[in-house]
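**Student:** Supplied in structure tokens, the structure appears directly below.
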Amino acid sequence: MNQNKLFNLTRIRLALSYAMVMGLILSLCGFGVYKAVSHAHWVTLDQEVESVAGTLHDSIELKLKQPGRLETVIQELLPNICIVGDKCIQEQSNPKRHTLSAINQGYYYVRFFDNSGRLIAIAGSYPEGLSPVLNKKLWQTLKDSQGKSYHQISFVLHTQDNRNWGYIQVGRSLEDFNSYLDAVKLILALGLPLAMGLVAVASWWLAGLAMQPIYQSYRQIQQFTADAAHELRTPLAATQATVESALLMPSLDEAEVRDILQTLQRQNLRLITLVSDLLLLARLDRQPTLRQKCCLNEVVSDLIEEFAAMAYTAKVTLTSSIRVDEPINIVSNYDQLYRLISNLIVNAIQYTPTGGKVTVILDRSENYAVIQVEDSGIGIAQQEIPRIFDRFYRVNSDRSRSSGGSGLGLAIAFAIVQANQGNFNVQSELNKGSTFTVQLPFDVARLNSIRSQFKSLIGNG
Ligand code: ADP
């Protein structure tokens, strides 16, 4: 499958999964909010009905004399009261109709049953079609003939001399309550798809953001593989051409065979160097290095000795300058330090014309050992400096290739500095020279604690 398609598909999958999870969470939250709102309203409603019914019950009970008989004074207390099988007292004719203002609001009805469960009277906004049969349950939810709901509370009534009078039921219409909950439901039902739409857009964007580093590192690996294959092909093709031309010759004398073998050896050596450089880079990326105390003075003097011949051939003066009296020791890996500084020295000699100078400087600061490789060579253009540490990157590939460089030297040096938690700095001017500065910490553990202290200071400050 095309890689771009694969990345797009993964992005879609990621976005969909994220949107689904978020959708589920949002739905659950919406459901929870609805339940909480509805519960809070039920509680308030129960309290309201209970308090209205309680007040009514207490004020009526004081006036009841005979079981099952509603005194006239009570009848005057309630609006729109109707005695079953008798008269109805109209609201307008009732002078005390404001006595129980809640009943007057139009949401409440009151009904009275005698001890045998017979409906005696109704009052307030009595709905049509409510069952006239007494149900003594404390709380009930009833429906009228139009399907409207009512929440009802029932109490036992006593006469003044504490005999059972009968029952009072106070009901409240749930119309306003239901329409409020319907509005909440509607808002949630409309808000959820809108929120889902926003979540989908956000998911797509976030998935893109999450994929970016993966995509970038994939491109880097792709580039690296192509570059590595290209670098490997050059010596392989040269070897193949040498062998083919040798085979085409009818006969070979000893000098020719020697010549061919030397060419093959050169190309083979190039292959070996390239492969071991690649392996070293892979190891530096993966494994922590084995560290022990090692002396940088020793490494520098060994390297000056080793590259003296190369510098002599290139007609470049190679010197060292040790700027501290006592030996500079750091906890690191000797082979890596050797490789790091040697790569810098080789480059300095290679990119310095005849008659130039290369100096290796060893110094120290409070926490770091400082190694500088200074040359009076061709220099590097400012815009090239950020790229010279990239794997296989060469500023001038022809010149670099002819000198045997594969473009991995600085990448390896950089990886070693990183593995040692050090810093790299390059200063260069075209046609004047370059200075590569490496700082390596004396004590990595101490450096880490200083760094974390500094971070926490910045965090607090
Ligand atoms: P190479 O194997 O080509 O030397 P490096 O990774 O060591 O690869 O260096 C990358 C590029 O940086 C080189 O091709 C060269 O152009 C540039 N470079 C490195 N060191 C120097 C230097 N001391 N002076 C000028 N250019 C340099």
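The chains in the structure tokens are called A, B, ... from first to last as shown; in each chain the residues are counted from 1, and the ligands are counted from 1 in the order shown.
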Set the cut-off to 7 Å, count only C-alpha atoms and all ligand atoms, and list whatever residues fall near ligand 1 as number ranges by chain.
**Tutor:** A: 343-344, 347-348, 351-352, 375, 377-380, 388-389, 391-397, 400-401, 404-411, 433-434
**Student:** Using the selection just defined, write its residues with N, CA and C atoms as a short mmCIF file (atom, residue, chain, number, x, y, z; two decimals), in the first residue's frame.
**Tutor:**
```cif
data_model
loop_
_atom_site.label_atom_id
_atom_site.label_comp_id
_atom_site.auth_asym_id
_atom_site.auth_seq_id
_atom_site.Cartn_x
_atom_site.Cartn_y
_atom_site.Cartn_z
N ASN A 343 37.45 12.25 14.29
CA ASN A 343 36.61 12.70 13.18
C ASN A 343 36.79 14.20 12.94
N LEU A 344 36.89 14.95 14.04
CA LEU A 344 37.04 16.40 13.90
C LEU A 344 38.41 16.75 13.32
N ASN A 347 38.55 15.82 9.54
CA ASN A 347 37.86 16.85 8.76
C ASN A 347 38.71 18.10 8.64
N ALA A 348 39.27 18.53 9.79
CA ALA A 348 40.05 19.77 9.79
C ALA A 348 41.22 19.66 8.82
N TYR A 351 39.83 19.54 5.11
CA TYR A 351 39.25 20.76 4.55
C TYR A 351 40.14 21.98 4.79
N THR A 352 41.46 21.72 5.01
CA THR A 352 42.41 22.83 5.14
C THR A 352 43.43 22.73 4.00
N ASP A 375 40.75 25.12 12.71
CA ASP A 375 41.56 25.03 11.47
C ASP A 375 41.51 26.35 10.71
N GLY A 377 41.03 26.43 7.48
CA GLY A 377 40.64 25.83 6.20
C GLY A 377 39.60 26.61 5.41
N ILE A 378 38.85 25.85 4.62
CA ILE A 378 37.93 26.47 3.64
C ILE A 378 36.69 27.07 4.31
N GLY A 379 36.40 26.65 5.53
CA GLY A 379 35.24 27.18 6.26
C GLY A 379 33.91 26.63 5.72
N ILE A 380 32.84 26.94 6.42
CA ILE A 380 31.50 26.44 6.04
C ILE A 380 30.56 27.64 5.99
N ILE A 388 25.24 20.16 8.55
CA ILE A 388 26.44 19.31 8.43
C ILE A 388 26.43 18.11 9.38
N PHE A 389 25.53 18.14 10.39
CA PHE A 389 25.47 17.00 11.32
C PHE A 389 24.48 15.93 10.83
N ARG A 391 23.00 12.90 8.72
CA ARG A 391 23.68 11.72 8.19
C ARG A 391 23.81 11.82 6.66
N PHE A 392 24.95 11.55 6.15
CA PHE A 392 25.29 11.55 4.71
C PHE A 392 25.31 12.95 4.08
N TYR A 393 25.18 13.97 4.90
CA TYR A 393 25.18 15.30 4.29
C TYR A 393 26.61 15.78 4.07
N ARG A 394 26.85 16.28 2.86
CA ARG A 394 28.16 16.87 2.57
C ARG A 394 27.91 18.23 1.93
N VAL A 395 28.75 19.20 2.30
CA VAL A 395 28.57 20.53 1.71
C VAL A 395 28.96 20.48 0.24
N ASN A 396 30.12 19.90 0.01
CA ASN A 396 30.57 19.78 -1.38
C ASN A 396 30.86 18.30 -1.60
N SER A 397 29.89 17.59 -2.15
CA SER A 397 30.00 16.13 -2.14
C SER A 397 31.17 15.63 -2.97
N SER A 400 34.33 16.03 -0.89
CA SER A 400 34.28 15.15 0.27
C SER A 400 34.43 13.69 -0.15
N ARG A 401 33.76 13.31 -1.25
CA ARG A 401 33.81 11.91 -1.69
C ARG A 401 35.24 11.55 -2.14
N GLY A 404 37.33 10.51 0.47
CA GLY A 404 36.92 9.27 1.13
C GLY A 404 35.81 9.46 2.15
N GLY A 405 35.32 10.71 2.30
CA GLY A 405 34.28 10.97 3.31
C GLY A 405 32.92 10.46 2.84
N SER A 406 32.16 9.91 3.80
CA SER A 406 30.84 9.38 3.45
C SER A 406 29.74 10.31 3.95
N GLY A 407 30.11 11.36 4.66
CA GLY A 407 29.09 12.26 5.22
C GLY A 407 28.55 11.76 6.54
N LEU A 408 29.27 10.79 7.16
CA LEU A 408 28.80 10.27 8.46
C LEU A 408 29.68 10.75 9.63
N GLY A 409 30.83 11.33 9.30
CA GLY A 409 31.81 11.71 10.33
C GLY A 409 31.21 12.61 11.40
N LEU A 410 30.58 13.72 11.01
CA LEU A 410 30.03 14.66 12.01
C LEU A 410 28.77 14.09 12.67
N ALA A 411 28.01 13.27 11.91
CA ALA A 411 26.81 12.64 12.51
C ALA A 411 27.23 11.74 13.66
N GLY A 433 38.32 29.62 8.04
CA GLY A 433 38.53 28.47 8.91
C GLY A 433 37.33 28.18 9.81
N SER A 434 37.45 27.08 10.52
CA SER A 434 36.34 26.65 11.38
C SER A 434 36.88 26.27 12.75
#
```
**Student:** Using only C-alpha atoms, which residues sit within 12 Å of Ile122 (chain A) once same-chain residues fewer than 2 positions away are excluded, as a VMD selection string?
**Tutor:** chain A and resid 70 75 78 to 89 103 108 to 113 118 to 120 124 to 128 130 132 167 to 171
**Student:** For region 146-159 of chain A, find every residue with an atom within 7 Å (counting only C-alpha atoms), except residues of its own chain fewer than 3 positions away, and show them as a ChimeraX atom specification.
**Tutor:** /A:61,64-67,136-143,162-175
**Student:** For those residues, write N, CA, C and O atoms to a file as an mmCIF file, in the first residue's frame.
**Tutor:**
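Full text of result-v1.cif as output:
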```cif
data_model
loop_
_atom_site.group_PDB
_atom_site.id
_atom_site.type_symbol
_atom_site.label_atom_id
_atom_site.label_comp_id
_atom_site.auth_asym_id
_atom_site.auth_seq_id
_atom_site.Cartn_x
_atom_site.Cartn_y
_atom_site.Cartn_z
ATOM 1 N N GLU A 61 -56.659 20.398 59.954
ATOM 2 C CA GLU A 61 -56.865 19.466 61.058
ATOM 3 C C GLU A 61 -57.396 20.172 62.308
ATOM 4 O O GLU A 61 -58.213 19.616 63.052
ATOM 5 N N LEU A 64 -61.318 20.430 62.104
ATOM 6 C CA LEU A 64 -62.204 19.285 61.840
ATOM 7 C C LEU A 64 -62.859 18.806 63.142
ATOM 8 O O LEU A 64 -62.174 18.636 64.156
ATOM 9 N N LYS A 65 -64.194 18.601 63.052
ATOM 10 C CA LYS A 65 -64.903 18.178 64.263
ATOM 11 C C LYS A 65 -65.437 16.769 64.123
ATOM 12 O O LYS A 65 -65.222 15.910 64.969
ATOM 13 N N GLN A 66 -66.185 16.538 63.013
ATOM 14 C CA GLN A 66 -66.819 15.245 62.779
ATOM 15 C C GLN A 66 -66.100 14.476 61.694
ATOM 16 O O GLN A 66 -65.782 15.050 60.651
ATOM 17 N N PRO A 67 -65.809 13.153 61.855
ATOM 18 C CA PRO A 67 -65.175 12.374 60.789
ATOM 19 C C PRO A 67 -65.997 12.451 59.504
ATOM 20 O O PRO A 67 -67.219 12.366 59.548
ATOM 21 N N LYS A 136 -53.806 4.890 49.300
ATOM 22 C CA LYS A 136 -53.252 5.552 50.486
ATOM 23 C C LYS A 136 -51.730 5.712 50.429
ATOM 24 O O LYS A 136 -51.127 6.194 51.388
ATOM 25 N N LYS A 137 -51.112 5.293 49.327
ATOM 26 C CA LYS A 137 -49.646 5.396 49.222
ATOM 27 C C LYS A 137 -49.209 6.843 49.395
ATOM 28 O O LYS A 137 -49.870 7.761 48.879
ATOM 29 N N LEU A 138 -48.083 7.067 50.114
ATOM 30 C CA LEU A 138 -47.659 8.443 50.415
ATOM 31 C C LEU A 138 -47.454 9.256 49.133
ATOM 32 O O LEU A 138 -48.022 10.324 48.962
ATOM 33 N N TRP A 139 -46.629 8.711 48.213
ATOM 34 C CA TRP A 139 -46.357 9.417 46.957
ATOM 35 C C TRP A 139 -46.913 8.638 45.782
ATOM 36 O O TRP A 139 -46.751 7.432 45.710
ATOM 37 N N GLN A 140 -47.585 9.328 44.878
ATOM 38 C CA GLN A 140 -48.064 8.674 43.649
ATOM 39 C C GLN A 140 -47.908 9.629 42.482
ATOM 40 O O GLN A 140 -47.954 10.846 42.664
ATOM 41 N N THR A 141 -47.728 9.045 41.299
ATOM 42 C CA THR A 141 -47.755 9.873 40.091
ATOM 43 C C THR A 141 -48.936 9.384 39.257
ATOM 44 O O THR A 141 -49.019 8.204 38.918
ATOM 45 N N LEU A 142 -49.874 10.306 38.979
ATOM 46 C CA LEU A 142 -51.113 9.935 38.285
ATOM 47 C C LEU A 142 -51.203 10.626 36.940
ATOM 48 O O LEU A 142 -50.505 11.617 36.689
ATOM 49 N N LYS A 143 -52.102 10.105 36.094
ATOM 50 C CA LYS A 143 -52.342 10.732 34.788
ATOM 51 C C LYS A 143 -53.817 11.059 34.664
ATOM 52 O O LYS A 143 -54.665 10.272 35.110
ATOM 53 N N ASN A 162 -58.865 13.978 67.985
ATOM 54 C CA ASN A 162 -57.935 12.920 67.558
ATOM 55 C C ASN A 162 -58.594 11.632 67.051
ATOM 56 O O ASN A 162 -58.029 10.563 67.171
ATOM 57 N N ARG A 163 -59.800 11.739 66.492
ATOM 58 C CA ARG A 163 -60.386 10.577 65.827
ATOM 59 C C ARG A 163 -59.983 10.653 64.353
ATOM 60 O O ARG A 163 -59.696 11.737 63.845
ATOM 61 N N ASN A 164 -59.952 9.482 63.663
ATOM 62 C CA ASN A 164 -59.630 9.493 62.225
ATOM 63 C C ASN A 164 -60.743 10.175 61.467
ATOM 64 O O ASN A 164 -61.903 9.752 61.545
ATOM 65 N N TRP A 165 -60.370 11.252 60.727
ATOM 66 C CA TRP A 165 -61.406 11.985 59.963
ATOM 67 C C TRP A 165 -61.541 11.391 58.567
ATOM 68 O O TRP A 165 -62.608 11.227 58.030
ATOM 69 N N GLY A 166 -60.383 11.049 57.973
ATOM 70 C CA GLY A 166 -60.361 10.561 56.588
ATOM 71 C C GLY A 166 -58.995 10.872 55.996
ATOM 72 O O GLY A 166 -57.988 10.836 56.703
ATOM 73 N N TYR A 167 -58.971 11.219 54.718
ATOM 74 C CA TYR A 167 -57.678 11.434 54.042
ATOM 75 C C TYR A 167 -57.710 12.712 53.224
ATOM 76 O O TYR A 167 -58.750 13.085 52.682
ATOM 77 N N ILE A 168 -56.525 13.322 53.134
ATOM 78 C CA ILE A 168 -56.376 14.467 52.234
ATOM 79 C C ILE A 168 -55.272 14.120 51.230
ATOM 80 O O ILE A 168 -54.254 13.532 51.599
ATOM 81 N N GLN A 169 -55.543 14.431 49.967
ATOM 82 C CA GLN A 169 -54.512 14.220 48.943
ATOM 83 C C GLN A 169 -54.268 15.548 48.257
ATOM 84 O O GLN A 169 -55.207 16.233 47.865
ATOM 85 N N VAL A 170 -52.984 15.907 48.162
ATOM 86 C CA VAL A 170 -52.626 17.147 47.460
ATOM 87 C C VAL A 170 -51.793 16.752 46.249
ATOM 88 O O VAL A 170 -50.797 16.045 46.375
ATOM 89 N N GLY A 171 -52.252 17.191 45.068
ATOM 90 C CA GLY A 171 -51.537 16.841 43.832
ATOM 91 C C GLY A 171 -51.050 18.078 43.117
ATOM 92 O O GLY A 171 -51.641 19.144 43.226
ATOM 93 N N ARG A 172 -49.946 17.912 42.430
ATOM 94 C CA ARG A 172 -49.402 19.052 41.679
ATOM 95 C C ARG A 172 -49.198 18.620 40.242
ATOM 96 O O ARG A 172 -48.699 17.524 39.964
ATOM 97 N N SER A 173 -49.574 19.508 39.322
ATOM 98 C CA SER A 173 -49.386 19.209 37.897
ATOM 99 C C SER A 173 -47.892 19.179 37.581
ATOM 100 O O SER A 173 -47.124 20.005 38.083
ATOM 101 N N LEU A 174 -47.495 18.205 36.748
ATOM 102 C CA LEU A 174 -46.074 18.114 36.369
ATOM 103 C C LEU A 174 -45.811 18.781 35.020
ATOM 104 O O LEU A 174 -44.752 18.603 34.427
ATOM 105 N N GLU A 175 -46.798 19.553 34.548
ATOM 106 C CA GLU A 175 -46.697 20.116 33.203
ATOM 107 C C GLU A 175 -45.453 21.008 33.048
ATOM 108 O O GLU A 175 -44.657 20.812 32.121
#
```
**Student:** Apply DSSP to the backbone of this structure and, from region 405-445 of chain A, keep only the residues in helix (DSSP H, G or I); write these as an NGL selection string.
**Tutor:** :A and (409-419 or 444-445)
**Student:** List the neighbours of region 298-315 of chain A out to 9 Å using only C-alpha atoms; skip same-chain residues closer than 4 positions along the sequence, and give me the result as a VMD selection string.
**Tutor:** chain A and resid 294 319 to 320 327 334 337 to 338 341 to 342 345 to 346 349 to 350 352 to 356 358 360 to 362
**Student:** Store the residues of this selection in a file with N, CA, C and O atoms, as a PDB file, in the first residue's frame.
**Tutor:**
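Dumped to part-v5.pdb:
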```pdb
ATOM      1  N   CYS A 294      38.523   8.390  32.005  1.00  0.00           N
ATOM      2  CA  CYS A 294      39.632   8.393  31.051  1.00  0.00           C
ATOM      3  C   CYS A 294      40.196   9.792  30.839  1.00  0.00           C
ATOM      4  O   CYS A 294      39.496  10.783  31.003  1.00  0.00           O
ATOM      5  N   THR A 319      48.987  20.797  15.559  1.00  0.00           N
ATOM      6  CA  THR A 319      49.544  20.964  16.904  1.00  0.00           C
ATOM      7  C   THR A 319      48.446  20.834  17.951  1.00  0.00           C
ATOM      8  O   THR A 319      47.262  20.896  17.617  1.00  0.00           O
ATOM      9  N   SER A 320      48.898  20.698  19.216  1.00  0.00           N
ATOM     10  CA  SER A 320      47.903  20.678  20.290  1.00  0.00           C
ATOM     11  C   SER A 320      48.246  21.775  21.290  1.00  0.00           C
ATOM     12  O   SER A 320      49.404  22.196  21.383  1.00  0.00           O
ATOM     13  N   PRO A 327      45.885  16.991  34.608  1.00  0.00           N
ATOM     14  CA  PRO A 327      45.205  16.199  33.558  1.00  0.00           C
ATOM     15  C   PRO A 327      43.680  16.347  33.645  1.00  0.00           C
ATOM     16  O   PRO A 327      43.119  16.504  34.731  1.00  0.00           O
ATOM     17  N   TYR A 334      36.580   5.476  26.237  1.00  0.00           N
ATOM     18  CA  TYR A 334      37.818   5.890  25.545  1.00  0.00           C
ATOM     19  C   TYR A 334      37.640   5.819  24.028  1.00  0.00           C
ATOM     20  O   TYR A 334      37.968   6.769  23.306  1.00  0.00           O
ATOM     21  N   LEU A 337      35.519   8.638  22.708  1.00  0.00           N
ATOM     22  CA  LEU A 337      36.214   9.938  22.753  1.00  0.00           C
ATOM     23  C   LEU A 337      37.246  10.021  21.628  1.00  0.00           C
ATOM     24  O   LEU A 337      37.382  11.038  20.954  1.00  0.00           O
ATOM     25  N   TYR A 338      37.939   8.902  21.437  1.00  0.00           N
ATOM     26  CA  TYR A 338      38.949   8.822  20.387  1.00  0.00           C
ATOM     27  C   TYR A 338      38.307   9.080  19.024  1.00  0.00           C
ATOM     28  O   TYR A 338      38.789   9.863  18.222  1.00  0.00           O
ATOM     29  N   ILE A 341      37.045  12.893  18.598  1.00  0.00           N
ATOM     30  CA  ILE A 341      38.066  13.906  18.306  1.00  0.00           C
ATOM     31  C   ILE A 341      38.759  13.597  16.963  1.00  0.00           C
ATOM     32  O   ILE A 341      39.079  14.492  16.187  1.00  0.00           O
ATOM     33  N   SER A 342      38.926  12.300  16.682  1.00  0.00           N
ATOM     34  CA  SER A 342      39.616  11.961  15.430  1.00  0.00           C
ATOM     35  C   SER A 342      38.784  12.396  14.229  1.00  0.00           C
ATOM     36  O   SER A 342      39.314  12.892  13.244  1.00  0.00           O
ATOM     37  N   ILE A 345      39.453  16.005  13.782  1.00  0.00           N
ATOM     38  CA  ILE A 345      40.811  16.289  13.274  1.00  0.00           C
ATOM     39  C   ILE A 345      40.918  15.925  11.792  1.00  0.00           C
ATOM     40  O   ILE A 345      41.451  16.691  10.980  1.00  0.00           O
ATOM     41  N   VAL A 346      40.348  14.749  11.423  1.00  0.00           N
ATOM     42  CA  VAL A 346      40.412  14.314  10.019  1.00  0.00           C
ATOM     43  C   VAL A 346      39.735  15.363   9.134  1.00  0.00           C
ATOM     44  O   VAL A 346      40.279  15.768   8.100  1.00  0.00           O
ATOM     45  N   ILE A 349      41.912  18.503   8.830  1.00  0.00           N
ATOM     46  CA  ILE A 349      43.048  18.334   7.900  1.00  0.00           C
ATOM     47  C   ILE A 349      42.545  18.302   6.452  1.00  0.00           C
ATOM     48  O   ILE A 349      43.096  18.945   5.565  1.00  0.00           O
ATOM     49  N   GLN A 350      41.440  17.545   6.244  1.00  0.00           N
ATOM     50  CA  GLN A 350      40.911  17.379   4.889  1.00  0.00           C
ATOM     51  C   GLN A 350      40.451  18.694   4.261  1.00  0.00           C
ATOM     52  O   GLN A 350      40.614  18.911   3.080  1.00  0.00           O
ATOM     53  N   THR A 352      41.456  21.716   5.008  1.00  0.00           N
ATOM     54  CA  THR A 352      42.408  22.832   5.136  1.00  0.00           C
ATOM     55  C   THR A 352      43.433  22.734   3.997  1.00  0.00           C
ATOM     56  O   THR A 352      44.064  21.685   3.822  1.00  0.00           O
ATOM     57  N   PRO A 353      43.540  23.779   3.244  1.00  0.00           N
ATOM     58  CA  PRO A 353      44.483  23.707   2.112  1.00  0.00           C
ATOM     59  C   PRO A 353      45.946  23.664   2.584  1.00  0.00           C
ATOM     60  O   PRO A 353      46.243  23.978   3.739  1.00  0.00           O
ATOM     61  N   THR A 354      46.815  23.309   1.661  1.00  0.00           N
ATOM     62  CA  THR A 354      48.259  23.215   1.925  1.00  0.00           C
ATOM     63  C   THR A 354      48.759  24.502   2.603  1.00  0.00           C
ATOM     64  O   THR A 354      48.358  25.602   2.220  1.00  0.00           O
ATOM     65  N   GLY A 355      49.590  24.297   3.609  1.00  0.00           N
ATOM     66  CA  GLY A 355      50.168  25.454   4.313  1.00  0.00           C
ATOM     67  C   GLY A 355      49.325  25.925   5.486  1.00  0.00           C
ATOM     68  O   GLY A 355      49.727  26.799   6.237  1.00  0.00           O
ATOM     69  N   GLY A 356      48.150  25.315   5.654  1.00  0.00           N
ATOM     70  CA  GLY A 356      47.237  25.735   6.730  1.00  0.00           C
ATOM     71  C   GLY A 356      47.630  25.154   8.089  1.00  0.00           C
ATOM     72  O   GLY A 356      48.623  24.428   8.219  1.00  0.00           O
ATOM     73  N   VAL A 358      46.140  23.324  11.832  1.00  0.00           N
ATOM     74  CA  VAL A 358      45.059  22.698  12.621  1.00  0.00           C
ATOM     75  C   VAL A 358      45.550  22.612  14.063  1.00  0.00           C
ATOM     76  O   VAL A 358      46.655  22.114  14.313  1.00  0.00           O
ATOM     77  N   VAL A 360      44.533  21.448  18.062  1.00  0.00           N
ATOM     78  CA  VAL A 360      43.595  20.787  18.978  1.00  0.00           C
ATOM     79  C   VAL A 360      43.816  21.402  20.356  1.00  0.00           C
ATOM     80  O   VAL A 360      44.922  21.338  20.893  1.00  0.00           O
ATOM     81  N   ILE A 361      42.751  22.034  20.899  1.00  0.00           N
ATOM     82  CA  ILE A 361      42.876  22.734  22.187  1.00  0.00           C
ATOM     83  C   ILE A 361      42.124  21.952  23.262  1.00  0.00           C
ATOM     84  O   ILE A 361      40.987  21.526  23.036  1.00  0.00           O
ATOM     85  N   LEU A 362      42.782  21.795  24.401  1.00  0.00           N
ATOM     86  CA  LEU A 362      42.129  21.120  25.529  1.00  0.00           C
ATOM     87  C   LEU A 362      42.046  22.095  26.699  1.00  0.00           C
ATOM     88  O   LEU A 362      43.055  22.655  27.108  1.00  0.00           O
TER      89      LEU A 362
END
```
**Student:** Would you give me, as a ChimeraX atom specification, the residues in region 61-205 of chain A that DSSP reads as strand (DSSP E)?
**Tutor:** /A:82-83,108-114,119-124,139-143,149-158,164-173
**Student:** Could you save those same residues with C-alpha atoms as an mmCIF file, in the first residue's frame?
**Tutor:**
```
data_model
loop_
_atom_site.group_PDB
_atom_site.id
_atom_site.type_symbol
_atom_site.label_atom_id
_atom_site.label_comp_id
_atom_site.auth_asym_id
_atom_site.auth_seq_id
_atom_site.Cartn_x
_atom_site.Cartn_y
_atom_site.Cartn_z
ATOM 1 C CA CYS A 82 -66.780 21.158 45.148
ATOM 2 C CA ILE A 83 -68.517 18.842 47.567
ATOM 3 C CA TYR A 108 -52.502 22.201 42.571
ATOM 4 C CA TYR A 109 -55.590 20.212 43.377
ATOM 5 C CA VAL A 110 -56.797 18.917 46.740
ATOM 6 C CA ARG A 111 -59.164 16.027 47.416
ATOM 7 C CA PHE A 112 -60.734 14.687 50.555
ATOM 8 C CA PHE A 113 -61.742 11.085 51.217
ATOM 9 C CA ASP A 114 -63.658 9.827 54.213
ATOM 10 C CA LEU A 119 -64.341 10.915 47.610
ATOM 11 C CA ILE A 120 -65.970 13.773 49.543
ATOM 12 C CA ALA A 121 -64.652 16.959 47.996
ATOM 13 C CA ILE A 122 -62.238 18.347 45.427
ATOM 14 C CA ALA A 123 -60.616 21.765 45.203
ATOM 15 C CA GLY A 124 -58.098 23.808 43.231
ATOM 16 C CA TRP A 139 -46.357 9.417 46.957
ATOM 17 C CA GLN A 140 -48.064 8.674 43.649
ATOM 18 C CA THR A 141 -47.755 9.873 40.091
ATOM 19 C CA LEU A 142 -51.113 9.935 38.285
ATOM 20 C CA LYS A 143 -52.342 10.732 34.788
ATOM 21 C CA SER A 149 -49.049 13.819 34.834
ATOM 22 C CA TYR A 150 -49.568 14.798 38.488
ATOM 23 C CA HIS A 151 -47.481 14.176 41.537
ATOM 24 C CA GLN A 152 -49.609 13.505 44.572
ATOM 25 C CA ILE A 153 -49.055 13.154 48.324
ATOM 26 C CA SER A 154 -51.577 11.564 50.748
ATOM 27 C CA PHE A 155 -51.992 12.222 54.490
ATOM 28 C CA VAL A 156 -54.399 10.904 57.123
ATOM 29 C CA LEU A 157 -56.586 13.644 58.699
ATOM 30 C CA HIS A 158 -57.675 13.669 62.330
ATOM 31 C CA ASN A 164 -59.630 9.493 62.225
ATOM 32 C CA TRP A 165 -61.406 11.985 59.963
ATOM 33 C CA GLY A 166 -60.361 10.561 56.588
ATOM 34 C CA TYR A 167 -57.678 11.434 54.042
ATOM 35 C CA ILE A 168 -56.376 14.467 52.234
ATOM 36 C CA GLN A 169 -54.512 14.220 48.943
ATOM 37 C CA VAL A 170 -52.626 17.147 47.460
ATOM 38 C CA GLY A 171 -51.537 16.841 43.832
ATOM 39 C CA ARG A 172 -49.402 19.052 41.679
ATOM 40 C CA SER A 173 -49.386 19.209 37.897
#
```
**Student:** Using only C-alpha atoms, what does the table of region 19-122 of chain A residues within 8 Å of region 183-198 of chain A look like, with each row giving the shortest atom pair and its distance in Å to one decimal, sorted by chain and ascending number, as JSON lines?
**Tutor:**
```
{"residue": "A:Ala19", "atom": "CA", "partner": "A:Met196", "partner_atom": "CA", "distance": 7.3}
{"residue": "A:Met22", "atom": "CA", "partner": "A:Met196", "partner_atom": "CA", "distance": 8.0}
{"residue": "A:Gly23", "atom": "CA", "partner": "A:Met196", "partner_atom": "CA", "distance": 6.1}
{"residue": "A:Leu26", "atom": "CA", "partner": "A:Leu192", "partner_atom": "CA", "distance": 7.4}
{"residue": "A:Ser27", "atom": "CA", "partner": "A:Leu192", "partner_atom": "CA", "distance": 7.2}
{"residue": "A:Gly30", "atom": "CA", "partner": "A:Leu188", "partner_atom": "CA", "distance": 6.5}
{"residue": "A:Tyr34", "atom": "CA", "partner": "A:Val184", "partner_atom": "CA", "distance": 7.1}
```
**Student:** Emit the selected residues as an mmCIF file, in the first residue's frame, including C-alpha atoms.
**Tutor:**
```
data_model
loop_
_atom_site.group_PDB
_atom_site.id
_atom_site.type_symbol
_atom_site.label_atom_id
_atom_site.label_comp_id
_atom_site.auth_asym_id
_atom_site.auth_seq_id
_atom_site.Cartn_x
_atom_site.Cartn_y
_atom_site.Cartn_z
ATOM 1 C CA ALA A 19 -14.158 10.858 18.244
ATOM 2 C CA MET A 22 -15.085 11.393 23.175
ATOM 3 C CA GLY A 23 -18.635 10.864 21.863
ATOM 4 C CA LEU A 26 -19.889 13.281 26.098
ATOM 5 C CA SER A 27 -23.046 11.146 25.870
ATOM 6 C CA GLY A 30 -24.972 14.540 28.933
ATOM 7 C CA TYR A 34 -29.828 15.269 32.582
#
```
**Student:** Have a look at CA of Leu56 (chain A) and CA of Ile74 (chain A) and let me know their distance in Å, one decimal.
**Tutor:**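 CA of Ile74 (chain A) lies 10.0 Å from CA of Leu56 (chain A).
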**Student:** Find, counting only C-alpha atoms, the residue in A:Ala210, A:Ser251, A:Gln223, A:Thr239 that gets nearest to Tyr18 (chain A).
**Tutor:** A:Ala210
**Student:** Which residue, A:Ile328, A:Met211, A:Val257, A:Ala40, has the smallest gap to Asn297 (chain A) when you use only C-alpha atoms?
**Tutor:**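 Selected residue with least distance to Asn297 (chain A): A:Ile328.
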**Student:** Would you mind reading off the distance between CA of Leu274 (chain A) and CA of Lys357 (chain A), one decimal, in Å?
**Tutor:** 28.2 Å
**Student:** I'd like to know which of A:Arg286, A:Leu232, A:Asp259, A:Asp335 is closest to Leu271 (chain A), using only C-alpha atoms.
**Tutor:** A:Leu232
**Student:** Give me, as a list in words, all polymer residues having an atom no more than 10 Å from region 7-14 of chain A, counting only C-alpha atoms and skipping those fewer than 3 positions away in the same chain.
**Tutor:** Asn2, Gln3, Asn4, Ser17, Tyr18, Ala19, Met20, Ser203, Trp204, Trp205, Leu206, Ala207, Gly208, Leu209, Ala210, Met211, Gln212, Ile214 and Tyr215 of chain A
